[in-house]
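Step one of this worksheet: look at the structure below.
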Amino acid sequence: MKRTIKEIANWLSIDSKDFIDTVVTGVSIDTRTISQGDLFIPFRGESVNGHKFVEQAFEKGAAASLWLKDEPNPPKDKPILFVDDAEVALQQMARAYRNQHKAKFIGVTGSNGKTSSKDILASMLTPFYKVQKTLGNFNNQLGLPITLLNLDEDTEIAVLEMGMSGFGEIEFLTKLAKPHYAIITNIGEAHMQDLGSREGIAKAKFEIIQGLNQEGILFYDGDEPLLQHLVGKETNLQSKSFGFQGTNDLVATSIETTEKGSRFTVSGELNGEFFIPVLGKHQVKNTLNAMLVGKSIGLLEEQIRQGLAQVTLTDMRMQLVPTEKGILFINDAYNAAPTSMTAAIQFVQTTSLREDKWLVLGDMLELGENEKQFHEQIASVIDESKISRVCLFGPRMKWLYEQLKDKFAETNLLYTNEDYEQIVQFINQYADDQSLILLKGSRGMKLETILKSF
């Protein structure tokens, strides 16, 4: 954005007479990543008071800063805007800028695949529009406003990821972003401890329609009965479904995997063969929602095909990592829940990339009171005739280990609670240039650490 102090003061209903012509070109909450022209927003927490870094922000090029009214000793002779609450002020500014912006806004939520869907959609659209997307995990009540305020004035399409852990959070984000299009990738088990059931998760994700533009369209996983039920109750909602079942508006079949990506056929709203340089049947499903959005925005079928062929994903999403030793890793260690872990394991078991197939699995977190059952059930997905060796990491994976120890020989199954090095040594001992190793676990398990040794 490019706004003067006077304009921002008006957004915040502040009477500011100083530095009114100073121009702000973005916002930041972190002096380590602040850019020239940013408005610095200091938060006051239990352990850190951001006001201590305001002078440093100005030294690094900040154009202005917020300052809480009850915080003593504000800087003199600097562009300071005094507010009651930094978070509320950030959201006020984002709401005002969003209302003035001319871009098409797309909101993406779901239990799994949010980031991949965001990446696929943004990559596909980039050859034809100026696109910006949520960076990293800036997808909550602080991250989304920052993303909005850092949109360029001439951005044509904004792809916004929306995350949550409880009821009401998606509703807040979608009413802030007012998307023209909304996507629900799927309903899984993440945040079960906060939302109680998959029905609760579906209800929380479905809040995204509450901020949807009046002429907007919801794109949703039509293979999910919980979403079918919720969509069916909305008589005025425009919606399109995607998935593998023939009843969807866009259906994918004949999925083939090569070392370069996935080839598949679609029917329905679009027809023909397409290719993405991404691995996994579940990533094909994430591609379907992008294809439907692309068509709704106005892309021709050949443009969609061209855009998909150059898709790139954020690291640690089914990312192929070759190593000097010849071992090929699939780094899918950004996060994990039963649905996504099952999908990744099934991919490894069916792919022809390598003959010697390994699983290195870490704990799945935030699954609530049924977490033991969810970990044990993964055993039914693992086919010992297709998987050579399994390494399990973390206290919860002990439950899966107990289910697998009679299926695998002792030399083919390793469990460790707290030591990556045991897994590294096990891989070094048994893996070679014919080995394909999946790394999959929740973010807190940091399984990508294992890769550093290779």
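Chains: A, B, ... in order of the structure tokens. Residues: from 1 per chain. Ligands: from 1, in order shown.
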I'd like the neighbourhood of Asp77 of chain A as a ChimeraX atom specification, where a residue qualifies if any of its atoms comes within 10 Å (using only C-alpha atoms), though same-chain residues fewer than 2 positions away should be ignored. /A:18-19,74-75,79-80
Keeping only C-alpha atoms, write the selected residues to a file as a compact mmCIF listing (two decimals), in the first residue's frame.
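Listed below is the output, out32.txt:
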```
# COMPACT_ATOMS: atom_id res chain seq x y z
CA ASP A 18 2.28 15.97 12.51
CA PHE A 19 4.08 14.30 9.62
CA PRO A 74 7.13 7.74 23.23
CA PRO A 75 9.84 8.94 20.81
CA PRO A 79 5.85 9.94 13.03
CA ILE A 80 3.91 8.22 15.84
```
Using only C-alpha atoms, determine which residues lie at most 12 Å from Leu160 of chain A, disregarding the query and same-chain residues fewer than 2 positions distant; provide the list as a PyMOL selection string. chain A and resi 103-109+114-115+117-119+121-122+131-140+143-148+151+157-158+162-163+170+173-174+176-183+208
Prev. selection, N, CA and C atoms, output as a CSV table (one decimal), in the first residue's frame:
```
chain,number,residue,atom,x,y,z
A,103,ALA,N,-8.6,-5.6,-6.3
A,103,ALA,CA,-8.2,-7.0,-6.6
A,103,ALA,C,-9.4,-8.0,-6.4
A,104,LYS,N,-9.3,-9.1,-7.1
A,104,LYS,CA,-10.1,-10.3,-6.8
A,104,LYS,C,-9.5,-11.0,-5.6
A,105,PHE,N,-10.3,-11.3,-4.6
A,105,PHE,CA,-9.8,-11.9,-3.4
A,105,PHE,C,-10.3,-13.3,-3.3
A,106,ILE,N,-9.4,-14.3,-3.0
A,106,ILE,CA,-9.7,-15.7,-2.9
A,106,ILE,C,-9.3,-16.2,-1.5
A,107,GLY,N,-10.2,-16.7,-0.8
A,107,GLY,CA,-10.0,-17.3,0.6
A,107,GLY,C,-9.8,-18.8,0.5
A,108,VAL,N,-8.8,-19.3,1.2
A,108,VAL,CA,-8.6,-20.8,1.2
A,108,VAL,C,-8.5,-21.3,2.6
A,109,THR,N,-9.3,-22.3,2.9
A,109,THR,CA,-9.3,-22.9,4.2
A,109,THR,C,-9.4,-24.4,4.0
A,114,LYS,N,-4.2,-26.5,2.6
A,114,LYS,CA,-4.4,-25.1,2.4
A,114,LYS,C,-3.2,-24.4,1.7
A,115,THR,N,-2.1,-24.7,2.2
A,115,THR,CA,-0.9,-24.0,1.6
A,115,THR,C,-0.6,-24.5,0.2
A,117,SER,N,-2.8,-25.8,-1.9
A,117,SER,CA,-3.8,-25.2,-2.8
A,117,SER,C,-3.6,-23.7,-3.1
A,118,LYS,N,-3.1,-23.0,-2.1
A,118,LYS,CA,-2.8,-21.6,-2.3
A,118,LYS,C,-1.6,-21.5,-3.3
A,119,ASP,N,-0.6,-22.3,-3.1
A,119,ASP,CA,0.6,-22.3,-4.0
A,119,ASP,C,0.2,-22.7,-5.4
A,121,LEU,N,-2.7,-22.5,-6.9
A,121,LEU,CA,-3.6,-21.5,-7.5
A,121,LEU,C,-2.8,-20.3,-7.9
A,122,ALA,N,-2.0,-19.8,-7.0
A,122,ALA,CA,-1.2,-18.6,-7.3
A,122,ALA,C,-0.2,-18.8,-8.4
A,131,VAL,N,-0.3,-11.5,-9.2
A,131,VAL,CA,-0.9,-12.3,-8.0
A,131,VAL,C,0.0,-12.1,-6.8
A,132,GLN,N,-0.6,-11.9,-5.6
A,132,GLN,CA,0.1,-12.0,-4.4
A,132,GLN,C,-0.6,-13.1,-3.5
A,133,LYS,N,0.1,-13.7,-2.6
A,133,LYS,CA,-0.5,-14.8,-1.8
A,133,LYS,C,0.1,-14.6,-0.4
A,134,THR,N,-0.6,-15.3,0.6
A,134,THR,CA,-0.2,-15.3,1.9
A,134,THR,C,1.2,-15.9,2.0
A,135,LEU,N,2.1,-15.3,2.7
A,135,LEU,CA,3.5,-15.8,2.8
A,135,LEU,C,3.6,-16.6,4.1
A,136,GLY,N,4.3,-17.7,4.1
A,136,GLY,CA,4.5,-18.5,5.3
A,136,GLY,C,3.2,-18.9,5.9
A,137,ASN,N,3.1,-18.7,7.2
A,137,ASN,CA,1.8,-19.1,7.9
A,137,ASN,C,1.1,-17.8,8.4
A,138,PHE,N,1.2,-16.7,7.7
A,138,PHE,CA,0.5,-15.5,8.0
A,138,PHE,C,-1.0,-15.6,7.7
A,139,ASN,N,-1.7,-16.5,8.4
A,139,ASN,CA,-3.0,-16.9,8.1
A,139,ASN,C,-4.0,-16.7,9.2
A,140,ASN,N,-3.6,-16.0,10.3
A,140,ASN,CA,-4.5,-15.8,11.4
A,140,ASN,C,-4.9,-14.4,11.6
A,143,GLY,N,-1.8,-12.4,11.1
A,143,GLY,CA,-1.1,-12.6,9.8
A,143,GLY,C,-1.9,-12.1,8.6
A,144,LEU,N,-3.2,-12.4,8.6
A,144,LEU,CA,-4.1,-12.0,7.5
A,144,LEU,C,-4.1,-10.4,7.3
A,145,PRO,N,-4.3,-9.7,8.4
A,145,PRO,CA,-4.2,-8.2,8.2
A,145,PRO,C,-2.9,-7.7,7.6
A,146,ILE,N,-1.8,-8.3,8.1
A,146,ILE,CA,-0.5,-7.9,7.6
A,146,ILE,C,-0.4,-8.3,6.1
A,147,THR,N,-0.9,-9.4,5.7
A,147,THR,CA,-0.9,-9.8,4.3
A,147,THR,C,-1.7,-8.8,3.5
A,148,LEU,N,-2.8,-8.4,4.0
A,148,LEU,CA,-3.7,-7.5,3.2
A,148,LEU,C,-3.0,-6.1,3.1
A,151,LEU,N,-0.3,-5.9,0.4
A,151,LEU,CA,-0.6,-6.1,-1.0
A,151,LEU,C,-0.2,-4.8,-1.8
A,157,ILE,N,-5.0,-10.2,-8.2
A,157,ILE,CA,-5.6,-11.3,-7.5
A,157,ILE,C,-4.8,-11.6,-6.2
A,158,ALA,N,-5.5,-11.7,-5.1
A,158,ALA,CA,-4.9,-12.0,-3.8
A,158,ALA,C,-5.4,-13.3,-3.3
A,162,MET,N,-6.5,-19.0,5.2
A,162,MET,CA,-7.2,-18.8,6.4
A,162,MET,C,-7.1,-20.0,7.4
A,163,GLY,N,-6.3,-19.8,8.5
A,163,GLY,CA,-6.2,-20.9,9.4
A,163,GLY,C,-7.0,-20.7,10.7
A,170,ILE,N,-12.5,-18.4,11.6
A,170,ILE,CA,-12.6,-18.2,10.1
A,170,ILE,C,-13.6,-17.2,9.8
A,173,LEU,N,-11.9,-13.8,9.9
A,173,LEU,CA,-11.0,-13.6,8.8
A,173,LEU,C,-11.7,-13.4,7.5
A,174,THR,N,-12.8,-14.2,7.2
A,174,THR,CA,-13.5,-14.0,6.0
A,174,THR,C,-14.2,-12.7,5.9
A,176,LEU,N,-13.2,-10.0,7.2
A,176,LEU,CA,-12.1,-9.0,7.0
A,176,LEU,C,-11.7,-9.0,5.5
A,177,ALA,N,-11.6,-10.2,4.9
A,177,ALA,CA,-11.1,-10.3,3.6
A,177,ALA,C,-12.1,-10.2,2.5
A,178,LYS,N,-13.4,-10.5,2.8
A,178,LYS,CA,-14.5,-10.4,1.9
A,178,LYS,C,-14.1,-11.0,0.5
A,179,PRO,N,-13.9,-12.3,0.5
A,179,PRO,CA,-13.4,-13.0,-0.7
A,179,PRO,C,-14.5,-13.1,-1.8
A,180,HIS,N,-14.0,-13.0,-3.0
A,180,HIS,CA,-14.9,-13.2,-4.2
A,180,HIS,C,-15.1,-14.7,-4.4
A,181,TYR,N,-14.1,-15.4,-4.1
A,181,TYR,CA,-14.1,-16.9,-4.2
A,181,TYR,C,-13.6,-17.5,-2.9
A,182,ALA,N,-14.2,-18.6,-2.5
A,182,ALA,CA,-13.8,-19.3,-1.3
A,182,ALA,C,-13.5,-20.8,-1.6
A,183,ILE,N,-12.5,-21.4,-1.0
A,183,ILE,CA,-12.2,-22.8,-1.2
A,183,ILE,C,-12.1,-23.5,0.2
A,208,ILE,N,-16.3,-19.8,6.3
A,208,ILE,CA,-15.8,-19.0,5.3
A,208,ILE,C,-16.8,-18.3,4.4
```
Just give me the gap between atom CA of Glu171 of chain A and atom CA of Glu207 of chain A in Å, one decimal is fine.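 Straight-line distance from atom CA of Glu171 of chain A to atom CA of Glu207 of chain A works out to 5.0 Å.
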Please report, as a ChimeraX atom specification, each residue of segment 260-305 of chain A to which DSSP assigns alpha helix (DSSP H) when run on this structure's backbone. /A:281-297,301-305
Between atom CA of Arg396 of chain A and atom CA of Glu199 of chain A, distance in Å (one decimal):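 Computing it gives 24.5 Å between the two atoms.
Among the candidates A:Gln91, A:Gly50, A:Gly26, A:Glu448, the residue lying nearest to Trp11 of chain A is A:Gln91 (atoms considered: only C-alpha atoms).
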Rounded to one decimal in Å, what is the spacing between atom CA of Gly368 of chain A and atom CA of Ile201 of chain A?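 Those two atoms sit 12.6 Å apart.
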From a backbone DSSP assignment, name each residue in segment 161-345 of chain A labelled strand (DSSP E or B), as a ChimeraX atom specification. /A:161,181-184,217-221,238-243,250-258,261-268,272-276,319-322,328-331
Which residues come within 6 Å of segment 337-347 of chain A, counting only C-alpha atoms, excluding same-chain residues fewer than 5 positions away, as an MDAnalysis selection string? chainID A and resid 188 190 280 364
